[in-house]
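Inspection log for the structure reproduced underneath, given as structure tokens.
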Amino acid sequence: MDKRDNQSLLAELTDRFGTGISRHEEPYGLLTIHTSKELILDVLAFLKESAGFTYLTDITAVHYPDGDNTFAIVYHVHNLLENVRVRIKASIPVSDPKIPSATTLWAGANWMERETYDFFGVQFEGHPDLRRILNMDDLDVFPMRREYPLEDPNRVDKRDFYFGR
Amino acid sequence: MSKPITELTSNRPVFEEHDPEEELTTLNLGPTHPATHGVFQNVLQIDGERIISGVSTIGYIHRAFEKIAEHRPFYQITPLTDRLNYCSAPINNMGWHMTVEKLLEIEIPKRVQYMRVIVMELARIADHIICNGILGVDTGAFSGFLYLMQEREFIYEIFEEICGARLTTNIGRIGGFERDFNEIAFTKIDEFLKRFPAVLSEFQELFTRNRIFIERTSNVAAVTPEQALNYSWSGPILRATGVDYDVRAMAPYCSYEEFEFDIPVGTNGDVYDRFMVRNEEMTQSMRIIEQAIEKIKGEPAGVFHADVPEFYLPPKEQVYTNMEALIYHFKIVMGEWETPKSEVYHAVEGANGELGFYLIHDGGRTPYRLHFRRPSFINYQMFAPMSSGMLISDAIINMSSLNVIAGELDA
């Protein structure tokens with residue numbers, strides 16, 4: 001078989017999932033496919049077991065508050081033998097942030113998902129130990145969501161008055 | 001010798017699963033402990049000196065890197081990246097600039113790329129010096145650390161010549177460097193290349209034929225390639241298991257494809273192999289630097305940044321005297337340039353593994369979202385599961401061989 005490239009991989013994926021791959025693009029040469037949270041585990045399992053994408057590089061999330069207020073959960077996986085990367089995105093609503101956990105496929109997804117949970121509040125269903133990881137346990141917000149400002153608006157020690165302005 | 005890892009459990013505490021009558025001890029190793037390399041805690045359940053289970057707690061120096069980055073323009077994120085991995089700051093720094101350049105599609109002159117290669121490989125050597133030196137200290141050999149520390153000082157002197165700072169080098173700019181390497185820097189690099197191989201081989205002889213060191217490290221914390229890949233390991237510790245994954249070879253950046261170098265791999269994936277892989281990588285880094293020095297001689301002198309006035313902050317003296325420079329300076333600071341709406345993932349081979357920047361840009365003044373794939377964070381995840389069954393002293397050596405940098409762990 002020829003070496004996989006973006007086109008042949010995309011053909012394989014659309015062959016297998018059809019309209020389950022709702023959208024795709026190639027920013028800066030990296031194939032990005034969009035799928036749904038129902039299919040995400042199947043897509044990842046297909047990529048890992050049939051297409052040789054055995055290396056999970058990264059999991060993260062992006063918050064899009066405008067429009068219908070969604071999170072995009074972003075997975076980067078890598079086929080080490082053929083040296084192809086692919087990015088998978090699944091969109092989930094912020095009002096019901098649930099997505100199946102990838103820890104069943106990669107043990108290394110554990111902390112990546114905990115980090116995503118910590119910052120965005122995404123519930124990874126089936127995760128063995130979904131706790132905060134970098135922030136303190138009694139924090140009651142998910143700080144990377146766009147609605148939370150960088151600085152606490154109630155802070156009084158940084159008022160211009162104290163700096164002679 | 002510790003028992004091999006037969007199965008890797010999840011990273012949960014399993015305290016309740018044990019019979020209380022066994023009288024296991026709970027030991028808090030850290031958050032700050034002389035034996036842990038950084039600020040993180042390991043709650044270990046121990047039976048005598050043997051670890052039954054453990055759980056890692058991190059996040060003590062979390063600085064909200066990603067949140068701050070959403071509020072700063074590109075050039076102001078540079079100092080944030082320096083402080084992630086403070087042992088090899090220039091690699092993080094240049095990784096960030098390369099990400100931005102990829103996004104803005106800036107073409108970098110060859111000479112600047114070779115300069116970057118030199119700086120990054122020097123940083124890699126400095127990082128591996130620390131890791132291997134400290135590994136020696138943890139096994140009880142202090143002198144190896146002292147021998148190598150002089151060389152690390154010398155690398156910092158080179159950084160000082162290049163950018164004025166030693167540890168948190170603010171070395172790069174979007175498009176290149178703030179200033180050219182001066183003559184003293186080149187002389188010092190030459191001197192370093194001359195003296196370092198002798199020091200390195202002396203250091204290596206201290207350890208590789210030392211019976212205590214071999215018995216303390218070989219077959220300790222051995223990891224199979226499958227386990228390492230399952231946990232997304234990268235960098236020297238992955239290569240020690242026998243997987244030759246190196247970003248410099250797989251996805252070359254900065255003209256790495258023009259350089260000849262080998263990727264050292266291990267066979268057992270134990271602490272000894274990690275030590276040897278790092279040692280060999282230092283030799284390979286020197287090979288790369290030598291080639292880069294030769295290549296620089298063939299390039300026009302004095303080129304140290306790309307011609308992108310829209311994104312490269314002009315030198316201060318020009319801002320004060322030159323109208324053009326003043327306008328460019330003003331426009332960069334105010335963020336008044338068209339930037340693409342896109343997303344980019346760029347990875348470099350950091351000293352600890354694949355260092356990835358995932359940047360989503362909406363055309364505004366600041367990144368919409370910046371995620372940082374931190375090798376230490378992902379490598380350290382396996383520490384607690386793999387420690388179960390080990391002796392405490394072996395776990396300590398294992399930790400130092402993973403080379404966890406707290407700034408990169410927490411980000």
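The chains in the structure tokens are called A, B, ... from first to last as shown; in each chain the residues are counted from 1, and the ligands are counted from 1 in the order shown.
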Using only C-alpha atoms and a cut-off of 9 Å, which residues of chain A sit close to chain B? Please list them as a VMD selection string.
chain A and resid 27 to 28 30 54 to 63 80 83 105 to 112 128 to 129 133 to 136 143 to 144 149 to 150
Quick one: residues within 7 Å of range 145-150 of chain B, only C-alpha atoms counted, chain neighbours fewer than 2 positions away excluded, as a ChimeraX atom specification?
/B:129,133-134,136-137,142-143,152-154
Select from range 71-180 of chain B everything DSSP, run on the backbone, classes as strand (DSSP E or B), then give the selection as a ChimeraX atom specification.
/B:172-173,176-177
Long-range neighbours of range 32-49 of chain A as a count of residues only, 7 Å cut-off, only C-alpha atoms, 3 positions minimum in chain
21
Spatial neighbours of Glu281 in chain B, 8 Å, only C-alpha atoms, chain gap at least 5 places, as an NGL selection string:
:B and (125 or 263-264)
According to DSSP computed on the backbone, where in range 64-257 of chain B is there helix (DSSP H, G or I)? Give the residues as a VMD selection string.
chain B and resid 65 to 69 74 to 82 89 to 104 110 to 138 143 to 163 183 to 208 211 to 217 225 to 230 236 to 239 247 to 250 256 to 257
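Proximity to Met390 in chain B was assessed for B:Glu202, B:Ala221, B:Thr32, B:Glu151 counting only C-alpha atoms; the smallest distance is recorded for B:Ala221.
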Non-local contacts of Arg4 in chain A (9 Å; only C-alpha atoms; under 5 positions in same chain excluded) as a list in words:
Leu9, Ala51, Glu82, Asn83 and Val84 of chain A
Can you measure CA of Lys341 in chain B to CA of Glu107 in chain B for me? One decimal in Å is fine.
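So the two atoms, CA of Lys341 in chain B and CA of Glu107 in chain B, lie 18.7 Å apart.
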Counting only C-alpha atoms, closest pick from A:Tyr162, A:Leu139, A:Arg131, A:Ser95 relative to Pro65 in chain A is A:Ser95
Do you know which residues are at most 10 Å from range 314-327 of chain B counting only C-alpha atoms, after dropping those on the same chain fewer than 6 positions away, and could you put them as a list in words?
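My list of contacting residues is Glu178, Arg179 and Val333 of chain B.
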